[in-house]
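Below is the file final-v1.txt, which contains compact mmCIF, C-alpha atoms and all ligand atoms.
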# COMPACT_ATOMS: atom_id res chain seq x y z
CA MET A 28 -7.41 -155.17 269.35
CA ASN A 29 -7.58 -154.94 273.16
CA SER A 30 -4.74 -152.44 273.25
CA ILE A 31 -6.63 -150.11 270.89
CA LYS A 32 -8.32 -147.18 272.58
CA LYS A 33 -11.83 -146.05 271.77
CA THR A 34 -12.06 -144.28 268.42
CA ILE A 35 -12.21 -140.49 268.62
CA LYS A 36 -15.58 -139.49 267.16
CA LEU A 37 -14.83 -136.39 265.10
CA TYR A 38 -18.53 -136.06 264.20
CA ASP A 39 -19.25 -135.44 267.89
CA ALA A 40 -17.46 -132.11 267.82
CA ASP A 41 -18.55 -131.05 264.32
CA ALA A 42 -21.51 -132.69 262.61
CA TYR A 43 -20.83 -130.60 259.47
CA ALA A 44 -17.19 -131.56 258.84
CA THR A 45 -16.78 -133.70 255.71
CA GLU A 46 -13.03 -134.40 255.46
CA PHE A 47 -10.51 -135.69 257.96
CA GLU A 48 -7.06 -137.17 258.39
CA ALA A 49 -6.40 -140.14 260.65
CA SER A 50 -3.85 -142.86 261.37
CA VAL A 51 -4.49 -146.51 260.58
CA LEU A 52 -4.31 -148.48 263.84
CA SER A 53 -5.21 -151.88 262.43
CA CYS A 54 -6.25 -153.60 259.22
CA GLU A 55 -7.57 -157.15 259.27
CA LYS A 56 -8.81 -159.29 256.40
CA THR A 57 -12.34 -160.59 256.94
CA ASN A 58 -14.94 -162.38 254.82
CA ASN A 59 -16.39 -159.03 253.77
CA GLY A 60 -13.14 -157.26 252.91
CA PHE A 61 -10.83 -155.46 255.32
CA SER A 62 -11.77 -154.24 258.80
CA ILE A 63 -9.93 -151.01 259.41
CA VAL A 64 -9.66 -149.13 262.69
CA LEU A 65 -8.46 -145.53 262.67
CA ASP A 66 -7.45 -143.42 265.66
CA LYS A 67 -10.27 -140.99 264.79
CA THR A 68 -13.08 -140.79 262.26
CA LEU A 69 -15.89 -138.69 260.85
CA PHE A 70 -17.83 -141.81 259.88
CA PHE A 71 -20.90 -142.30 262.07
CA PRO A 72 -21.32 -146.08 262.45
CA GLU A 73 -24.52 -148.07 262.16
CA GLU A 74 -25.92 -147.52 265.61
CA GLY A 75 -29.18 -147.00 267.47
CA GLY A 76 -31.35 -147.82 264.43
CA GLN A 77 -29.56 -145.40 262.11
CA SER A 78 -27.66 -146.51 259.01
CA CYS A 79 -23.96 -145.68 258.86
CA ASP A 80 -22.30 -142.83 256.98
CA LEU A 81 -21.15 -143.42 253.42
CA GLY A 82 -17.91 -142.12 251.94
CA THR A 83 -14.33 -142.92 251.05
CA ILE A 84 -11.01 -143.46 252.78
CA GLU A 85 -8.03 -142.84 250.50
CA GLY A 86 -10.57 -142.77 247.67
CA ILE A 87 -11.83 -146.29 248.48
CA PRO A 88 -15.59 -146.42 249.17
CA THR A 89 -16.51 -147.84 252.58
CA THR A 90 -19.03 -150.68 252.45
CA LYS A 91 -19.98 -150.58 256.14
CA VAL A 92 -19.05 -148.81 259.36
CA GLU A 93 -19.67 -150.50 262.70
CA ILE A 94 -19.03 -149.80 266.38
CA LYS A 95 -18.25 -152.19 269.21
CA ASP A 96 -17.06 -151.22 272.68
CA GLY A 97 -16.38 -147.69 271.45
CA ILE A 98 -14.12 -148.88 268.61
CA ILE A 99 -15.34 -147.89 265.14
CA THR A 100 -14.52 -150.32 262.32
CA HIS A 101 -14.58 -149.28 258.67
CA ILE A 102 -15.09 -152.09 256.15
CA LEU A 103 -13.24 -151.49 252.89
CA PRO A 104 -12.77 -153.74 249.85
CA GLU A 105 -9.03 -152.94 249.87
CA PRO A 106 -6.46 -152.92 252.67
CA LEU A 107 -4.76 -149.86 254.17
CA GLN A 108 -1.22 -149.77 255.55
CA VAL A 109 -1.06 -149.83 259.37
CA GLY A 110 0.67 -146.71 260.70
CA GLU A 111 -0.11 -144.68 257.57
CA LYS A 112 -1.90 -141.35 257.62
CA VAL A 113 -5.06 -141.58 255.54
CA PHE A 114 -7.56 -139.09 254.15
CA GLY A 115 -11.30 -139.67 254.57
CA ARG A 116 -14.33 -137.97 253.15
CA ILE A 117 -17.97 -138.59 254.04
CA ASP A 118 -20.96 -138.33 251.73
CA PHE A 119 -22.46 -135.21 253.27
CA ALA A 120 -25.76 -135.34 251.36
CA HIS A 121 -26.42 -138.74 252.94
CA ARG A 122 -25.21 -137.54 256.35
CA TYR A 123 -27.31 -134.37 256.21
CA ARG A 124 -30.44 -136.35 255.35
CA ASN A 125 -29.77 -138.59 258.36
CA MET A 126 -29.19 -135.53 260.58
CA GLN A 127 -32.46 -133.93 259.44
CA HIS A 128 -34.43 -137.11 260.06
CA HIS A 129 -32.78 -137.91 263.38
CA SER A 130 -33.38 -134.40 264.74
CA GLY A 131 -36.97 -134.63 263.48
CA GLU A 132 -37.39 -137.91 265.32
CA HIS A 133 -36.20 -136.33 268.59
CA ILE A 134 -38.78 -133.55 268.30
CA VAL A 135 -41.61 -136.01 267.59
CA SER A 136 -40.54 -138.42 270.33
CA GLY A 137 -40.13 -135.56 272.83
CA LEU A 138 -43.62 -134.29 272.00
CA VAL A 139 -45.21 -137.77 272.15
CA CYS A 140 -43.56 -138.31 275.55
CA LYS A 141 -44.64 -134.92 276.93
CA THR A 142 -48.16 -134.95 275.44
CA PHE A 143 -49.17 -138.60 275.86
CA GLY A 144 -46.53 -140.06 278.20
CA TYR A 145 -45.50 -142.71 275.66
CA THR A 146 -41.91 -143.88 275.28
CA ASN A 147 -40.09 -144.26 271.99
CA VAL A 148 -39.30 -147.98 271.93
CA GLY A 149 -38.03 -148.38 268.37
CA PHE A 150 -36.31 -146.28 265.74
CA HIS A 151 -35.10 -147.11 262.27
CA LEU A 152 -33.56 -144.70 259.81
CA GLY A 153 -32.74 -146.49 256.60
CA LYS A 154 -32.23 -145.56 252.97
CA ASN A 155 -35.91 -145.08 252.13
CA ASP A 156 -37.71 -144.76 255.37
CA MET A 157 -37.83 -143.59 258.98
CA THR A 158 -39.97 -145.43 261.51
CA MET A 159 -40.65 -144.55 265.13
CA ASP A 160 -42.38 -146.95 267.53
CA TYR A 161 -44.23 -145.83 270.67
CA ASP A 162 -45.54 -147.96 273.51
CA GLY A 163 -49.07 -146.51 273.40
CA GLU A 164 -51.87 -146.06 270.93
CA LEU A 165 -52.07 -142.81 268.98
CA SER A 166 -55.15 -141.77 267.01
CA ALA A 167 -55.14 -139.91 263.69
CA LEU A 168 -56.05 -136.74 265.62
CA ASP A 169 -53.21 -137.30 268.14
CA ILE A 170 -50.79 -137.63 265.26
CA ARG A 171 -52.07 -134.46 263.60
CA VAL A 172 -51.51 -132.58 266.89
CA ILE A 173 -47.97 -133.95 267.17
CA GLU A 174 -47.18 -133.20 263.53
CA ASP A 175 -48.39 -129.60 263.85
CA ALA A 176 -46.40 -129.06 267.06
CA ALA A 177 -43.26 -130.66 265.55
CA ASN A 178 -43.43 -128.37 262.53
CA ALA A 179 -44.00 -125.37 264.81
CA ALA A 180 -40.74 -126.34 266.54
CA ILE A 181 -39.06 -126.36 263.12
CA TYR A 182 -40.39 -122.86 262.26
CA ARG A 183 -39.02 -121.52 265.54
CA ASN A 184 -35.53 -122.55 264.39
CA ILE A 185 -34.37 -123.56 267.85
CA GLU A 186 -30.72 -124.37 268.52
CA ILE A 187 -29.96 -128.08 268.99
CA ILE A 188 -27.27 -128.55 271.61
CA ALA A 189 -25.26 -131.72 272.15
CA ASN A 190 -22.97 -131.92 275.19
CA TYR A 191 -21.61 -134.17 277.92
CA PRO A 192 -22.91 -132.89 281.28
CA ASP A 193 -20.83 -133.56 284.42
CA SER A 194 -22.07 -136.37 286.67
CA LYS A 195 -23.80 -134.01 289.13
CA THR A 196 -25.73 -132.21 286.38
CA LEU A 197 -26.54 -135.54 284.74
CA GLU A 198 -27.92 -136.99 287.96
CA ALA A 199 -30.38 -134.13 288.33
CA LEU A 200 -31.34 -134.12 284.65
CA GLU A 201 -34.66 -135.43 283.34
CA TYR A 202 -34.02 -136.93 279.91
CA ARG A 203 -35.28 -139.62 277.55
CA SER A 204 -33.35 -142.85 276.82
CA LYS A 205 -31.96 -142.70 280.35
CA LEU A 206 -28.71 -144.62 280.65
CA ASP A 207 -27.22 -146.30 283.69
CA LEU A 208 -24.05 -144.29 283.23
CA ALA A 209 -22.98 -141.54 285.62
CA GLN A 210 -20.80 -139.80 283.03
CA ASP A 211 -19.85 -139.73 279.34
CA VAL A 212 -23.50 -139.44 278.44
CA ARG A 213 -24.07 -137.26 275.41
CA ILE A 214 -27.23 -135.23 275.89
CA VAL A 215 -29.04 -133.65 272.95
CA THR A 216 -31.32 -130.77 273.92
CA ILE A 217 -33.92 -129.15 271.66
CA GLY A 218 -35.27 -126.25 273.72
CA LYS A 219 -38.38 -127.19 275.69
CA TYR A 220 -39.22 -129.90 273.18
CA ASP A 221 -36.77 -132.64 274.03
CA VAL A 222 -33.82 -133.71 276.14
CA CYS A 223 -32.45 -137.11 275.20
CA ALA A 224 -29.29 -139.21 275.47
CA CYS A 225 -28.04 -139.73 271.92
CA CYS A 226 -24.79 -140.42 270.11
CA ALA A 227 -25.82 -139.38 266.60
CA PRO A 228 -25.00 -136.17 264.68
CA HIS A 229 -27.79 -133.60 264.60
CA VAL A 230 -28.50 -130.42 262.64
CA ALA A 231 -27.48 -127.20 264.42
CA ARG A 232 -30.95 -125.64 264.41
CA THR A 233 -34.43 -127.10 263.99
CA GLY A 234 -35.12 -124.95 260.90
CA GLU A 235 -32.70 -127.15 258.95
CA ILE A 236 -35.12 -130.10 259.28
CA GLY A 237 -37.28 -128.17 256.80
CA VAL A 238 -40.49 -130.05 257.42
CA ILE A 239 -41.60 -133.23 259.10
CA LYS A 240 -44.47 -135.18 257.60
CA ILE A 241 -45.91 -138.30 259.19
CA VAL A 242 -46.88 -140.30 256.13
CA ASP A 243 -48.31 -143.41 257.76
CA PHE A 244 -49.13 -144.95 261.14
CA TYR A 245 -50.67 -148.16 262.44
CA ARG A 246 -50.96 -150.28 265.54
CA TYR A 247 -47.77 -152.14 266.21
CA LYS A 248 -46.93 -154.51 269.09
CA GLY A 249 -49.59 -152.98 271.32
CA GLY A 250 -48.43 -149.44 270.50
CA THR A 251 -48.09 -147.34 267.37
CA ARG A 252 -45.59 -147.27 264.53
CA LEU A 253 -45.12 -144.01 262.64
CA HIS A 254 -43.48 -143.56 259.26
CA ALA A 255 -42.16 -140.06 258.66
CA VAL A 256 -40.07 -138.07 256.19
CA CYS A 257 -38.12 -134.84 256.69
CA GLY A 258 -36.36 -132.22 254.57
CA SER A 259 -35.90 -132.96 250.88
CA ASP A 260 -37.37 -136.45 251.34
CA ALA A 261 -40.61 -134.76 252.40
CA LEU A 262 -40.46 -132.45 249.37
CA LYS A 263 -39.87 -135.45 247.10
CA ASP A 264 -42.79 -137.27 248.71
CA TYR A 265 -44.99 -134.19 248.22
CA ALA A 266 -43.88 -133.80 244.58
CA GLU A 267 -44.65 -137.45 243.80
CA LYS A 268 -48.06 -137.31 245.44
CA HIS A 269 -48.79 -133.96 243.80
CA ASP A 270 -48.06 -135.48 240.37
CA ILE A 271 -50.28 -138.48 241.12
CA THR A 272 -53.12 -136.23 242.28
CA LYS A 273 -52.74 -133.95 239.26
CA ASN A 274 -52.87 -136.93 236.88
CA LEU A 275 -55.91 -138.36 238.66
CA ASN A 276 -57.66 -134.97 238.51
CA ALA A 277 -57.08 -134.87 234.75
CA LEU A 278 -58.23 -138.49 234.28
CA LEU A 279 -61.37 -137.95 236.36
CA SER A 280 -62.00 -134.36 235.20
CA THR A 281 -62.15 -133.23 238.79
CA ASN A 282 -60.17 -131.22 241.34
CA THR A 283 -58.25 -132.28 244.43
CA GLU A 284 -61.08 -131.40 246.85
CA SER A 285 -63.54 -133.61 244.92
CA ILE A 286 -61.22 -136.47 243.97
CA THR A 287 -62.36 -138.84 246.73
CA ASP A 288 -66.03 -138.29 245.84
CA SER A 289 -65.19 -138.77 242.15
CA VAL A 290 -63.56 -142.14 242.85
CA LYS A 291 -66.49 -143.19 245.06
CA ASN A 292 -68.92 -142.25 242.25
CA LEU A 293 -66.81 -144.21 239.79
CA GLN A 294 -66.84 -147.26 242.08
CA ALA A 295 -70.64 -147.03 242.44
CA GLU A 296 -71.04 -146.74 238.65
CA LEU A 297 -68.71 -149.71 238.15
CA SER A 298 -70.71 -151.78 240.61
CA ARG A 299 -74.00 -150.82 238.85
CA LEU A 300 -72.57 -151.70 235.41
CA SER A 301 -71.14 -154.96 236.70
CA SER A 302 -74.57 -155.99 238.03
CA ALA A 303 -76.21 -154.96 234.74
CA ILE A 304 -73.64 -156.93 232.69
CA THR A 305 -74.16 -160.00 234.88
CA ALA A 306 -77.95 -159.82 234.37
CA VAL A 307 -77.68 -159.26 230.59
CA THR A 308 -75.05 -162.00 230.23
CA LYS A 309 -77.31 -164.42 232.06
CA LYS A 310 -80.24 -163.62 229.72
CA TYR A 311 -77.98 -163.86 226.67
CA CYS A 312 -76.52 -167.20 227.79
CA LEU A 313 -79.94 -168.66 228.61
CA ALA A 314 -81.10 -167.64 225.10
CA ILE A 315 -78.06 -169.40 223.60
CA ALA A 316 -78.81 -172.52 225.68
CA GLU A 317 -82.44 -172.45 224.55
CA GLY A 318 -81.32 -172.49 220.91
CA VAL A 319 -79.45 -175.77 221.40
CA PRO A 320 -81.67 -178.61 220.19
CA SER A 321 -82.35 -181.56 222.51
CA SER A 322 -80.46 -184.76 221.77
CA ASP A 323 -78.86 -187.80 223.39
CA GLU A 324 -75.38 -186.54 222.56
CA GLY A 325 -73.21 -184.23 224.63
CA TYR A 326 -72.64 -180.73 223.37
CA LEU A 327 -69.50 -178.63 222.76
CA MET A 328 -69.65 -174.87 222.46
CA PHE A 329 -66.86 -172.43 221.56
CA ASP A 330 -67.35 -168.72 222.16
CA GLU A 331 -65.62 -165.74 223.67
CA GLN A 332 -66.16 -163.13 226.39
CA LEU A 333 -68.70 -165.29 228.20
CA GLY A 334 -66.84 -165.19 231.50
CA ALA A 335 -67.11 -167.88 234.17
CA GLY A 336 -70.70 -166.86 235.02
CA GLY A 337 -71.88 -167.08 231.40
CA MET A 338 -70.13 -170.40 230.78
CA ARG A 339 -71.71 -171.86 233.90
CA VAL A 340 -75.24 -170.75 232.88
CA ILE A 341 -74.90 -172.30 229.40
CA ALA A 342 -73.18 -175.50 230.59
CA ASN A 343 -75.83 -176.15 233.27
CA ALA A 344 -78.81 -175.37 231.00
CA VAL A 345 -77.55 -177.40 228.01
CA ALA A 346 -76.47 -180.35 230.20
CA GLN A 347 -80.14 -180.67 231.25
CA LYS A 348 -81.13 -181.58 227.68
CA ARG A 349 -77.91 -183.07 226.25
CA GLY A 350 -76.57 -185.07 229.19
CA TRP A 351 -73.38 -183.05 229.31
CA CYS A 352 -72.08 -179.79 227.91
CA ALA A 353 -68.58 -178.34 227.62
CA VAL A 354 -68.31 -174.58 227.07
CA PHE A 355 -64.98 -173.14 225.88
CA ASP A 356 -64.37 -169.41 226.30
CA LYS A 357 -61.53 -168.09 224.14
CA THR A 358 -58.69 -166.37 226.02
CA GLY A 359 -56.15 -166.21 223.19
CA LYS A 360 -55.01 -167.99 220.03
CA ASN A 361 -55.56 -171.70 220.75
CA SER A 362 -56.25 -171.15 224.43
CA TYR A 363 -59.52 -171.41 226.30
CA ASN A 364 -61.06 -171.41 229.74
CA PHE A 365 -63.70 -174.06 230.02
CA ILE A 366 -66.55 -175.34 232.17
CA ILE A 367 -68.04 -178.80 231.75
CA ALA A 368 -71.38 -179.66 233.36
CA SER A 369 -72.77 -183.16 233.28
CA GLU A 370 -76.02 -184.81 234.33
CA LYS A 371 -75.11 -188.34 233.26
CA ILE A 372 -71.40 -189.15 232.89
CA SER A 373 -68.57 -187.93 235.08
CA ALA A 374 -67.36 -184.42 234.17
CA LYS A 375 -64.05 -185.39 235.76
CA MET A 376 -63.72 -188.19 233.21
CA ILE A 377 -64.14 -185.68 230.36
CA LEU A 378 -61.60 -183.42 232.05
CA ALA A 379 -59.16 -186.36 232.28
CA THR A 380 -59.40 -186.78 228.48
CA ILE A 381 -58.54 -183.12 227.92
CA VAL A 382 -55.71 -183.15 230.45
CA GLU A 383 -54.28 -186.31 228.90
CA LYS A 384 -54.23 -184.88 225.36
CA PHE A 385 -53.30 -181.26 225.94
CA SER A 386 -51.52 -178.99 228.34
CA ALA A 387 -54.63 -178.40 230.43
CA ARG A 388 -55.34 -177.61 234.05
CA GLY A 389 -58.55 -177.99 235.93
CA GLY A 390 -60.55 -179.60 238.68
CA GLY A 391 -64.00 -179.99 240.15
CA SER A 392 -66.65 -182.60 240.84
CA ASP A 393 -68.36 -185.30 238.76
CA ALA A 394 -71.17 -182.79 238.10
CA MET A 395 -68.98 -179.86 237.08
CA VAL A 396 -65.34 -179.15 236.30
CA GLN A 397 -63.55 -176.03 235.16
CA GLY A 398 -60.09 -175.30 233.84
CA SER A 399 -57.98 -173.94 231.03
CA VAL A 400 -56.50 -175.60 227.97
CA GLY A 401 -53.98 -174.77 225.24
CA ALA A 402 -55.34 -176.30 222.02
CA SER A 403 -57.32 -175.33 218.91
CA GLU A 404 -61.09 -175.79 218.55
CA ASP A 405 -60.54 -178.59 215.99
CA GLU A 406 -58.10 -180.41 218.27
CA ILE A 407 -60.50 -180.21 221.22
CA ARG A 408 -63.53 -181.31 219.13
CA ASN A 409 -61.48 -184.21 217.78
CA ALA A 410 -60.33 -185.28 221.25
CA LEU A 411 -63.87 -185.29 222.64
CA LYS A 412 -65.74 -186.76 219.66
CA ASN A 413 -65.66 -190.29 221.06
CA ILE A 414 -67.12 -189.42 224.43
CA VAL A 415 -70.55 -190.91 224.69
CA ILE A 416 -73.19 -190.90 227.36
ZN ZN B 1 -31.07 -139.84 268.90
Starting from the file, give its structure as structure tokens.
Ligand SMILES: [Zn+2]
Amino acid sequence: MNSIKKTIKLYDADAYATEFEASVLSCEKTNNGFSIVLDKTLFFPEEGGQSCDLGTIEGIPTTKVEIKDGIITHILPEPLQVGEKVFGRIDFAHRYRNMQHHSGEHIVSGLVCKTFGYTNVGFHLGKNDMTMDYDGELSALDIRVIEDAANAAIYRNIEIIANYPDSKTLEALEYRSKLDLAQDVRIVTIGKYDVCACCAPHVARTGEIGVIKIVDFYRYKGGTRLHAVCGSDALKDYAEKHDITKNLNALLSTNTESITDSVKNLQAELSRLSSAITAVTKKYCLAIAEGVPSSDEGYLMFDEQLGAGGMRVIANAVAQKRGWCAVFDKTGKNSYNFIIASEKISAKMILATIVEKFSARGGGSDAMVQGSVGASEDEIRNALKNIVI
């Protein structure tokens, strides 16, 4: 491998080319398939936070493309003959999406740097997402300002230029992602918006980015992480959210401007109803408990839709006059939630009887236990009939 020269990056010269011919320099079997090095390639490797290009070589889909010391390795499930000329084709839809997002990222990072003096310290462009990390805190208003300015740069349809300045020009140049190299530094310039060292393919003009929408942001490692989408991903995101909003408007009989207020009103109504139900349930359950005659024997009750609060009210009230009370609230055919309250014997002991006989779960104290059980009313009554105070 040492004798192999750096791979010629065909995407450097033309980010829009989709097909190429190259010679196979090496092909080695690895755990993941075959590592193939060509003399030149259009495949952009996984590099700088960006996922690699997809495509085929001799019709065989690549599974990964990596770069090390300037040598690009294509991972294929099948081998290629060393010395052969091969034909490669990249998935341009995937590439173009990456180009749109990467160019969008440069505009945003250039603007964040110029406006707030923060450095881009992280970038990830994957299948579903683009994230950008900055080493300072940005507010919602800051982000709105950046988003507006970034989209203004897109409307202006500025040319994006990638070149390798000579060492003298490079030395005098102010640019982001400054490298310790005196030459062979690829500089990507987007008008007055950004100058940055970068090895990735970019769109030719900013208008091709279409739109950039920052969809989320939060504090991250002392700075800010932004999630953003560009181009058709942004349109897809808008379409999905538009559908959701439209459906919610129909469900709530409202319009987009009033949707937040409608949901707040709904929440307030829900809270009021919940309080009312709790109060009514308590009265209802106390009335049920009052109807239970006093006796020396424990009491079993089977009902439904009492809820934990209702069960607790009945169990506590009845236990006062019957020593102990087990309330079973139906959750399905032969399945119940239960609460057992006891003034005299251990509720845990009663629970142990249920657990022993049935598939039951529960826990608590000697005064009160709660749980769930899978058994019929008759089976439960039968199992507990011998429990005495
Ligand atoms: Zn870049």
- Query: Can you tell me, as an NGL selection string, what residues are no more than 7 Å from stretch 85-96 of chain A when counting all atoms listed in the file, ignoring any on the same chain fewer than 4 positions away?
  - Reply: :A and (72-73 or 79 or 81 or 100-103 or 113-115)
Saved selection, atoms kept: C-alpha atoms, as a tab-separated table (two decimals), keeping the file's coordinate frame:
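Output below, filename result_1.tsv:
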chain	number	residue	atom	x	y	z
A	72	PRO	CA	-21.32	-146.08	262.45
A	73	GLU	CA	-24.52	-148.07	262.16
A	79	CYS	CA	-23.96	-145.68	258.86
A	81	LEU	CA	-21.15	-143.42	253.42
A	100	THR	CA	-14.52	-150.32	262.32
A	101	HIS	CA	-14.58	-149.28	258.67
A	102	ILE	CA	-15.09	-152.09	256.15
A	103	LEU	CA	-13.24	-151.49	252.89
A	113	VAL	CA	-5.06	-141.58	255.54
A	114	PHE	CA	-7.56	-139.09	254.15
A	115	GLY	CA	-11.30	-139.67	254.57
- Task: Find the residues around stretch 220-232 of chain A up to 7 Å (only C-alpha atoms counted), leave out those fewer than 5 positions away in its own chain, and share them as a list in words.
- Result: Tyr38, Asp39, Ala42, Met126, Gln127, His129, Ser130, His133, Ile134, Gly137, Leu138, Asn184, Ile185, Glu186, Ile187, Tyr202, Arg203, Ser204, Lys205, Val212, Arg213, Ile214 and Val215 of chain A
- Counting all atoms listed in the file, what is within 8 Å of stretch 358-360 of chain A, bar same-chain residues fewer than 2 positions away, as a PyMOL selection string? chain A and resi 331+356+362-364+403
- Spatial neighbours of stretch 298-304 of chain A, max dist 12 Å, only C-alpha atoms, sep filter under 6 positions, as a list in words: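 Listed by chain and then number, they are Lys291, Asn292, Lys310, Tyr311, Cys312, Gln332, Leu333, Gly334, Gly336 and Gly337 of chain A.
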- Message: To one decimal place in Å, what is the distance between atom CA of A:Glu55 and atom CA of A:Glu111?
- Response: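 Between atom CA of A:Glu55 and atom CA of A:Glu111 the gap is 14.6 Å.
Closest approach to ligand ZN 1 (chain B) among A:Lys112, A:Lys36, A:His128, A:His254: A:His128, based on all atoms listed in the file.
For the atom pair formed by atom CA of A:Asp260 and atom CA of A:Asp162, the distance is 26.3 Å, given to one decimal.
One finds atom CA of A:Ala167 at 8.2 Å from atom CA of A:Phe244.
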- Task: Go through A:Lys32, A:Arg339, A:Lys357, A:Lys371 one by one, measure the shortest atom-to-atom distance of each to A:Asp323 using all atoms listed in the file, and give the residue with the smallest value.
- Result: A:Lys371
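Counting only C-alpha atoms and all ligand atoms and comparing A:Phe47, A:Phe150, A:Tyr161, A:Phe61, the residue that lies closest to ligand ZN 1 (chain B) is A:Phe150.
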Mind giving me the axis-aligned box for stretch 335-338 of chain A with 3 Å on every side, centre plus edges in Å to one decimal, as AutoDock Vina command-line options?
--center_x -69.5 --center_y -168.6 --center_z 232.9 --size_x 10.8 --size_y 9.5 --size_z 10.2
- Item | Polymer residues at most 12 Å from A:Thr45, all atoms listed in the file, same-chain spacing of 6 or more positions, as a list in words |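 Once the nearby chain positions are removed, what remains is Leu37, Tyr38, Thr68, Leu69, Phe70, Phe71, Asp80, Leu81, Gly82, Thr83, Ile84, Phe114, Gly115, Arg116, Ile117, Asp118, Phe119, Ala120, His121, Arg122 and Tyr123 of chain A.
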